[in-house]
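J.: The structure file my_file_36.pdb (PDB, N, CA and C atoms) is provided below.
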```
ATOM      1  N   MET A   8     -17.924  59.385  16.145
ATOM      2  CA  MET A   8     -17.982  58.182  16.935
ATOM      3  C   MET A   8     -19.437  57.803  17.148
ATOM      4  N   ARG A   9     -19.650  56.488  17.299
ATOM      5  CA  ARG A   9     -21.003  55.973  17.475
ATOM      6  C   ARG A   9     -21.054  55.006  18.643
ATOM      7  N   LEU A  10     -22.095  55.138  19.440
ATOM      8  CA  LEU A  10     -22.341  54.235  20.543
ATOM      9  C   LEU A  10     -23.256  53.131  20.042
ATOM     10  N   GLY A  11     -22.943  51.881  20.351
ATOM     11  CA  GLY A  11     -23.779  50.781  19.890
ATOM     12  C   GLY A  11     -23.596  49.535  20.730
ATOM     13  N   ARG A  12     -24.414  48.534  20.436
ATOM     14  CA  ARG A  12     -24.347  47.256  21.142
ATOM     15  C   ARG A  12     -23.882  46.187  20.166
ATOM     16  N   VAL A  13     -22.988  45.321  20.628
ATOM     17  CA  VAL A  13     -22.498  44.218  19.805
ATOM     18  C   VAL A  13     -23.615  43.189  19.684
ATOM     19  N   VAL A  14     -24.021  42.883  18.439
ATOM     20  CA  VAL A  14     -25.119  41.943  18.202
ATOM     21  C   VAL A  14     -24.654  40.662  17.523
ATOM     22  N   GLY A  15     -23.397  40.586  17.146
ATOM     23  CA  GLY A  15     -22.904  39.376  16.500
ATOM     24  C   GLY A  15     -21.440  39.490  16.143
ATOM     25  N   ALA A  16     -20.929  38.414  15.575
ATOM     26  CA  ALA A  16     -19.532  38.368  15.155
ATOM     27  C   ALA A  16     -19.447  37.813  13.741
ATOM     28  N   VAL A  17     -18.375  38.147  13.061
ATOM     29  CA  VAL A  17     -18.107  37.641  11.716
ATOM     30  C   VAL A  17     -16.805  36.858  11.804
ATOM     31  N   TRP A  18     -16.768  35.680  11.216
ATOM     32  CA  TRP A  18     -15.537  34.899  11.241
ATOM     33  C   TRP A  18     -15.419  34.078   9.971
ATOM     34  N   GLY A  19     -14.223  33.589   9.738
ATOM     35  CA  GLY A  19     -13.965  32.757   8.581
ATOM     36  C   GLY A  19     -12.680  31.969   8.775
ATOM     37  N   ALA A  20     -12.486  30.968   7.957
ATOM     38  CA  ALA A  20     -11.306  30.113   8.071
ATOM     39  C   ALA A  20     -10.035  30.845   7.663
ATOM     40  N   LYS A  21     -10.165  31.822   6.779
ATOM     41  CA  LYS A  21      -9.009  32.599   6.338
ATOM     42  C   LYS A  21      -9.329  34.077   6.509
ATOM     43  N   HIS A  22      -8.288  34.886   6.724
ATOM     44  CA  HIS A  22      -8.505  36.314   6.881
ATOM     45  C   HIS A  22      -7.338  37.096   6.294
ATOM     46  N   ALA A  23      -7.578  38.371   6.086
ATOM     47  CA  ALA A  23      -6.565  39.256   5.504
ATOM     48  C   ALA A  23      -5.445  39.531   6.496
ATOM     49  N   ALA A  24      -4.303  39.894   5.956
ATOM     50  CA  ALA A  24      -3.172  40.278   6.798
ATOM     51  C   ALA A  24      -3.579  41.450   7.686
ATOM     52  N   GLY A  25      -3.085  41.475   8.890
ATOM     53  CA  GLY A  25      -3.398  42.559   9.816
ATOM     54  C   GLY A  25      -4.533  42.245  10.764
ATOM     55  N   LEU A  26      -5.257  41.142  10.524
ATOM     56  CA  LEU A  26      -6.389  40.798  11.388
ATOM     57  C   LEU A  26      -6.025  39.797  12.477
ATOM     58  N   ASP A  27      -4.758  39.389  12.546
ATOM     59  CA  ASP A  27      -4.345  38.449  13.586
ATOM     60  C   ASP A  27      -4.612  39.034  14.966
ATOM     61  N   GLY A  28      -5.242  38.249  15.826
ATOM     62  CA  GLY A  28      -5.519  38.690  17.192
ATOM     63  C   GLY A  28      -6.700  39.629  17.317
ATOM     64  N   ALA A  29      -7.450  39.827  16.247
ATOM     65  CA  ALA A  29      -8.599  40.743  16.273
ATOM     66  C   ALA A  29      -9.883  39.981  15.969
ATOM     67  N   LYS A  30     -11.005  40.553  16.419
ATOM     68  CA  LYS A  30     -12.316  40.006  16.090
ATOM     69  C   LYS A  30     -13.047  41.012  15.215
ATOM     70  N   LEU A  31     -13.924  40.511  14.373
ATOM     71  CA  LEU A  31     -14.822  41.360  13.595
ATOM     72  C   LEU A  31     -16.194  41.259  14.244
ATOM     73  N   LEU A  32     -16.720  42.395  14.696
ATOM     74  CA  LEU A  32     -17.992  42.422  15.406
ATOM     75  C   LEU A  32     -19.038  43.206  14.635
ATOM     76  N   VAL A  33     -20.274  42.750  14.722
ATOM     77  CA  VAL A  33     -21.409  43.487  14.164
ATOM     78  C   VAL A  33     -21.967  44.343  15.287
ATOM     79  N   VAL A  34     -21.974  45.666  15.076
ATOM     80  CA  VAL A  34     -22.406  46.619  16.101
ATOM     81  C   VAL A  34     -23.636  47.353  15.588
ATOM     82  N   GLU A  35     -24.695  47.380  16.410
ATOM     83  CA  GLU A  35     -25.957  48.042  16.051
ATOM     84  C   GLU A  35     -26.128  49.288  16.907
ATOM     85  N   ASP A  36     -26.463  50.415  16.259
ATOM     86  CA  ASP A  36     -26.687  51.651  17.019
ATOM     87  C   ASP A  36     -28.164  51.782  17.390
ATOM     88  N   ALA A  37     -28.509  52.848  18.099
ATOM     89  CA  ALA A  37     -29.869  53.039  18.612
ATOM     90  C   ALA A  37     -30.918  53.138  17.510
ATOM     91  N   SER A  38     -30.511  53.572  16.316
ATOM     92  CA  SER A  38     -31.468  53.705  15.210
ATOM     93  C   SER A  38     -31.607  52.418  14.402
ATOM     94  N   GLY A  39     -30.864  51.375  14.783
ATOM     95  CA  GLY A  39     -30.948  50.104  14.074
ATOM     96  C   GLY A  39     -29.903  49.930  12.984
ATOM     97  N   GLY A  40     -29.090  50.962  12.754
ATOM     98  CA  GLY A  40     -28.020  50.855  11.762
ATOM     99  C   GLY A  40     -26.934  49.914  12.251
ATOM    100  N   ARG A  41     -26.354  49.168  11.330
ATOM    101  CA  ARG A  41     -25.315  48.211  11.698
ATOM    102  C   ARG A  41     -24.023  48.490  10.958
ATOM    103  N   VAL A  42     -22.913  48.160  11.618
ATOM    104  CA  VAL A  42     -21.593  48.308  11.037
ATOM    105  C   VAL A  42     -20.758  47.122  11.514
ATOM    106  N   THR A  43     -19.839  46.675  10.681
ATOM    107  CA  THR A  43     -18.872  45.662  11.091
ATOM    108  C   THR A  43     -17.595  46.385  11.471
ATOM    109  N   ALA A  44     -17.138  46.157  12.710
ATOM    110  CA  ALA A  44     -15.969  46.868  13.230
ATOM    111  C   ALA A  44     -14.926  45.877  13.718
ATOM    112  N   ILE A  45     -13.670  46.270  13.620
ATOM    113  CA  ILE A  45     -12.580  45.445  14.132
ATOM    114  C   ILE A  45     -12.401  45.739  15.617
ATOM    115  N   ASP A  46     -12.158  44.669  16.392
ATOM    116  CA  ASP A  46     -12.034  44.809  17.845
ATOM    117  C   ASP A  46     -10.791  44.080  18.335
ATOM    118  N   LYS A  47      -9.929  44.811  19.029
ATOM    119  CA  LYS A  47      -8.775  44.200  19.693
ATOM    120  C   LYS A  47      -8.848  44.396  21.203
ATOM    121  N   LEU A  48     -10.021  44.848  21.696
ATOM    122  CA  LEU A  48     -10.188  45.105  23.133
ATOM    123  C   LEU A  48     -10.834  43.940  23.871
ATOM    124  N   GLY A  49     -11.483  43.038  23.143
ATOM    125  CA  GLY A  49     -12.116  41.891  23.783
ATOM    126  C   GLY A  49     -13.601  42.032  24.033
ATOM    127  N   ALA A  50     -14.287  42.884  23.294
ATOM    128  CA  ALA A  50     -15.736  43.026  23.436
ATOM    129  C   ALA A  50     -16.429  41.762  22.938
ATOM    130  N   GLY A  51     -17.654  41.564  23.414
ATOM    131  CA  GLY A  51     -18.430  40.407  23.000
ATOM    132  C   GLY A  51     -19.890  40.762  22.811
ATOM    133  N   VAL A  52     -20.660  39.798  22.362
ATOM    134  CA  VAL A  52     -22.087  40.003  22.119
ATOM    135  C   VAL A  52     -22.754  40.505  23.394
ATOM    136  N   GLY A  53     -23.547  41.571  23.260
ATOM    137  CA  GLY A  53     -24.243  42.183  24.380
ATOM    138  C   GLY A  53     -23.522  43.379  24.975
ATOM    139  N   ASP A  54     -22.229  43.522  24.697
ATOM    140  CA  ASP A  54     -21.474  44.667  25.220
ATOM    141  C   ASP A  54     -21.861  45.949  24.483
ATOM    142  N   THR A  55     -21.849  47.056  25.217
ATOM    143  CA  THR A  55     -22.015  48.373  24.620
ATOM    144  C   THR A  55     -20.617  48.894  24.312
ATOM    145  N   VAL A  56     -20.425  49.362  23.080
ATOM    146  CA  VAL A  56     -19.098  49.808  22.648
ATOM    147  C   VAL A  56     -19.191  51.161  21.952
ATOM    148  N   LEU A  57     -18.053  51.826  21.897
ATOM    149  CA  LEU A  57     -17.913  53.055  21.141
ATOM    150  C   LEU A  57     -17.059  52.726  19.925
ATOM    151  N   THR A  58     -17.584  53.030  18.736
ATOM    152  CA  THR A  58     -16.814  52.789  17.518
ATOM    153  C   THR A  58     -16.456  54.125  16.877
ATOM    154  N   ALA A  59     -15.334  54.119  16.202
ATOM    155  CA  ALA A  59     -14.893  55.292  15.451
ATOM    156  C   ALA A  59     -14.647  54.850  14.019
ATOM    157  N   HIS A  60     -14.805  55.783  13.090
ATOM    158  CA  HIS A  60     -14.656  55.473  11.672
ATOM    159  C   HIS A  60     -13.612  56.386  11.044
ATOM    160  N   GLY A  61     -12.775  55.810  10.218
ATOM    161  CA  GLY A  61     -11.852  56.618   9.444
ATOM    162  C   GLY A  61     -10.464  56.025   9.353
ATOM    163  N   THR A  62      -9.754  56.472   8.341
ATOM    164  CA  THR A  62      -8.400  55.993   8.095
ATOM    165  C   THR A  62      -7.470  56.341   9.248
ATOM    166  N   ARG A  63      -7.564  57.550   9.760
ATOM    167  CA  ARG A  63      -6.640  57.998  10.810
ATOM    168  C   ARG A  63      -6.818  57.183  12.094
ATOM    169  N   VAL A  64      -8.072  56.983  12.524
ATOM    170  CA  VAL A  64      -8.303  56.204  13.741
ATOM    171  C   VAL A  64      -7.860  54.763  13.538
ATOM    172  N   ARG A  65      -8.100  54.216  12.370
ATOM    173  CA  ARG A  65      -7.653  52.854  12.082
ATOM    174  C   ARG A  65      -6.138  52.754  12.168
ATOM    175  N   ASP A  66      -5.440  53.695  11.523
ATOM    176  CA  ASP A  66      -3.975  53.679  11.515
ATOM    177  C   ASP A  66      -3.402  53.776  12.926
ATOM    178  N   LEU A  67      -4.014  54.596  13.772
ATOM    179  CA  LEU A  67      -3.511  54.814  15.129
ATOM    180  C   LEU A  67      -3.844  53.680  16.098
ATOM    181  N   THR A  68      -4.900  52.921  15.822
ATOM    182  CA  THR A  68      -5.335  51.903  16.780
ATOM    183  C   THR A  68      -4.982  50.481  16.376
ATOM    184  N   VAL A  69      -5.240  50.111  15.133
ATOM    185  CA  VAL A  69      -5.011  48.716  14.723
ATOM    186  C   VAL A  69      -4.011  48.571  13.587
ATOM    187  N   GLY A  70      -3.605  49.682  12.986
ATOM    188  CA  GLY A  70      -2.574  49.634  11.948
ATOM    189  C   GLY A  70      -3.107  49.844  10.545
ATOM    190  N   GLU A  71      -2.260  50.383   9.709
ATOM    191  CA  GLU A  71      -2.672  50.751   8.354
ATOM    192  C   GLU A  71      -2.856  49.566   7.422
ATOM    193  N   THR A  72      -2.413  48.363   7.814
ATOM    194  CA  THR A  72      -2.588  47.195   6.943
ATOM    195  C   THR A  72      -3.985  46.597   7.038
ATOM    196  N   VAL A  73      -4.787  47.045   8.001
ATOM    197  CA  VAL A  73      -6.145  46.538   8.174
ATOM    198  C   VAL A  73      -7.071  47.225   7.175
ATOM    199  N   ALA A  74      -7.889  46.435   6.495
ATOM    200  CA  ALA A  74      -8.759  46.972   5.444
ATOM    201  C   ALA A  74      -9.983  47.718   5.989
ATOM    202  N   LEU A  75     -10.418  47.403   7.201
ATOM    203  CA  LEU A  75     -11.604  48.048   7.775
ATOM    204  C   LEU A  75     -11.287  49.434   8.310
ATOM    205  N   LYS A  76     -12.281  50.324   8.266
ATOM    206  CA  LYS A  76     -12.111  51.672   8.811
ATOM    207  C   LYS A  76     -12.983  51.915  10.033
ATOM    208  N   ASP A  77     -13.760  50.915  10.459
ATOM    209  CA  ASP A  77     -14.563  51.030  11.678
ATOM    210  C   ASP A  77     -13.866  50.240  12.777
ATOM    211  N   VAL A  78     -13.602  50.908  13.911
ATOM    212  CA  VAL A  78     -12.795  50.330  14.974
ATOM    213  C   VAL A  78     -13.503  50.487  16.313
ATOM    214  N   VAL A  79     -13.535  49.416  17.113
ATOM    215  CA  VAL A  79     -14.021  49.510  18.491
ATOM    216  C   VAL A  79     -12.926  50.196  19.288
ATOM    217  N   VAL A  80     -13.239  51.366  19.853
ATOM    218  CA  VAL A  80     -12.237  52.132  20.602
ATOM    219  C   VAL A  80     -12.484  52.108  22.104
ATOM    220  N   ALA A  81     -13.652  51.618  22.552
ATOM    221  CA  ALA A  81     -13.934  51.531  23.988
ATOM    222  C   ALA A  81     -15.062  50.545  24.240
ATOM    223  N   ILE A  82     -14.973  49.844  25.361
ATOM    224  CA  ILE A  82     -16.075  49.033  25.872
ATOM    225  C   ILE A  82     -16.695  49.863  26.993
ATOM    226  N   ILE A  83     -17.984  50.174  26.856
ATOM    227  CA  ILE A  83     -18.661  51.135  27.736
ATOM    228  C   ILE A  83     -19.296  50.442  28.940
ATOM    229  N   ASP A  84     -19.022  50.967  30.133
ATOM    230  CA  ASP A  84     -19.639  50.463  31.364
ATOM    231  C   ASP A  84     -20.942  51.188  31.683
ATOM    232  N   GLY A  85     -21.054  52.464  31.304
ATOM    233  CA  GLY A  85     -22.259  53.223  31.585
ATOM    234  C   GLY A  85     -22.256  54.534  30.841
ATOM    235  N   VAL A  86     -23.447  55.113  30.713
ATOM    236  CA  VAL A  86     -23.610  56.400  30.032
ATOM    237  C   VAL A  86     -24.439  57.296  30.937
ATOM    238  N   PHE A  87     -23.969  58.526  31.165
ATOM    239  CA  PHE A  87     -24.681  59.467  32.027
ATOM    240  C   PHE A  87     -24.873  60.784  31.296
ATOM    241  N   ASN A  88     -26.015  61.436  31.557
ATOM    242  CA  ASN A  88     -26.255  62.751  30.966
ATOM    243  C   ASN A  88     -25.667  63.832  31.872
ATOM    244  N   ALA A  89     -25.849  65.081  31.524
ATOM    245  CA  ALA A  89     -25.249  66.200  32.267
ATOM    246  C   ALA A  89     -25.763  66.283  33.709
ATOM    247  N   ASP A  90     -26.962  65.773  33.978
ATOM    248  CA  ASP A  90     -27.521  65.789  35.332
ATOM    249  C   ASP A  90     -27.028  64.639  36.179
ATOM    250  N   GLY A  91     -26.246  63.728  35.595
ATOM    251  CA  GLY A  91     -25.736  62.583  36.322
ATOM    252  C   GLY A  91     -26.681  61.407  36.332
ATOM    253  N   ASP A  92     -27.797  61.529  35.608
ATOM    254  CA  ASP A  92     -28.755  60.430  35.532
ATOM    255  C   ASP A  92     -28.275  59.403  34.514
ATOM    256  N   GLY A  93     -28.515  58.130  34.802
ATOM    257  CA  GLY A  93     -28.193  57.084  33.851
ATOM    258  C   GLY A  93     -29.031  57.209  32.589
ATOM    259  N   VAL A  94     -28.452  56.887  31.466
ATOM    260  CA  VAL A  94     -29.142  56.931  30.192
ATOM    261  C   VAL A  94     -29.242  55.525  29.655
ATOM    262  N   ASP A  95     -30.408  55.194  29.055
ATOM    263  CA  ASP A  95     -30.561  53.867  28.451
ATOM    264  C   ASP A  95     -29.504  53.701  27.374
ATOM    265  N   GLN A  96     -28.858  52.554  27.391
ATOM    266  CA  GLN A  96     -27.838  52.265  26.394
ATOM    267  C   GLN A  96     -28.497  51.613  25.195
ATOM    268  N   PRO A  97     -27.862  51.752  24.028
ATOM    269  CA  PRO A  97     -28.443  51.155  22.810
ATOM    270  C   PRO A  97     -28.617  49.668  22.954
TER     271      PRO A  97
END
```
Would it be possible to restate this file's structure as structure tokens?
T.:
Amino acid sequence: MRLGRVVGAVWGAKHAAGLDGAKLLVVEDASGGRVTAIDKLGAGVGDTVLTAHGTRVRDLTVGETVALKDVVVAIIDGVFNADGDGVDQP
């Protein structure tokens, strides 16, 4: 799983089966790496999200007919370390 910030969205006039009701978001991690992930939770630009990658997570969350394997699995409100101190979010 990867923690990242939503930096944009991808859209088009037509889409593949299985994408109804979902958004495609561009998520950037702390190192600057980007991934396009499917979102059915309602995240938007500026939100910190947790993404997961893989066939199994995709099948369990958004369905096996979706072509993407990167999925937004949580919208993050905050991140804390073991001492309870707040951590800068990506």
J.: Translate the PyMOL selection byres ((chain A and resi 43-46) around 7) into a concrete residue list for this structure, as a PyMOL selection string.
T.: chain A and resi 28-34+41-42+47-50+75-80
J.: Step by step: start from the point (-14.3, 49.6, 26.6) in the file's coordinates, keep every protein, DNA or RNA residue that has an atom no farther than 5 Å from it, count all atoms listed in the file, and write the set as JSON, numbers by chain.
T.: {"A": [81, 82, 83]}
J.: Work out how far apart atom N of Val73 (chain A) and atom C of Ala23 (chain A) are and give it in Å to one decimal.
T.: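 Straight-line distance from atom N of Val73 (chain A) to atom C of Ala23 (chain A) works out to 7.7 Å.
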J.: If you measure from CA of Arg9 (chain A) to CA of Thr68 (chain A), what distance in Å do you get, rounded to one decimal?
T.: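 For CA of Arg9 (chain A) relative to CA of Thr68 (chain A), the distance reads 16.2 Å.
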J.: Could you check how far CA of Lys21 (chain A) sits from CA of Gly39 (chain A), in Å to one decimal?
T.: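 Distance between the two atoms: 29.1 Å.
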J.: Using all atoms listed in the file, find the one residue out of A:Ala89, A:Ala20, A:Val13, A:Met8 that sits nearest to His60 (chain A).
T.: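 Ranking A:Ala89, A:Ala20, A:Val13, A:Met8 by distance to His60 (chain A), first place goes to A:Met8.
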J.: Go through A:Glu35, A:Asn88, A:Asp27, A:Gly11 and flag the residue nearest Thr58 (chain A), using all atoms listed in the file for the distances.
T.: A:Gly11
J.: If you run DSSP over the backbone, which residues in region 18-96 of chain A end up alpha helix (DSSP H)? Put them as a ChimeraX atom specification.
T.: /A:62-68
J.: Report the residues of chain A whose backbone DSSP state falls under strand (DSSP E), written as a PyMOL selection string.
T.: chain A and resi 9-17+30-36+41-46+55-60+77-83
J.: For Asp36 (chain A), which residue out of A:Ala24, A:Arg12, A:Val64, A:Asp90 is the nearest one, using all atoms listed in the file?
T.: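 For Asp36 (chain A), the nearest of the candidates is A:Arg12.
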J.: Draw an axis-aligned box tight on the listed atoms of region 10-28 of chain A, then pad every side by 5 Å and write out centre and edge lengths in Å to one decimal as lines of an AutoDock Vina configuration file.
T.:
```
center_x = -14.1
center_y = 42.6
center_z = 13.3
size_x = 32.0
size_y = 35.0
size_z = 25.6
```
J.: Between A:Ser38, A:Thr55, A:Ala74, A:Thr62, which one has atoms that come closest to His22 (chain A), using only C-alpha atoms?
T.: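 Looking only at the distances to His22 (chain A), the closest residue turns out to be A:Ala74.
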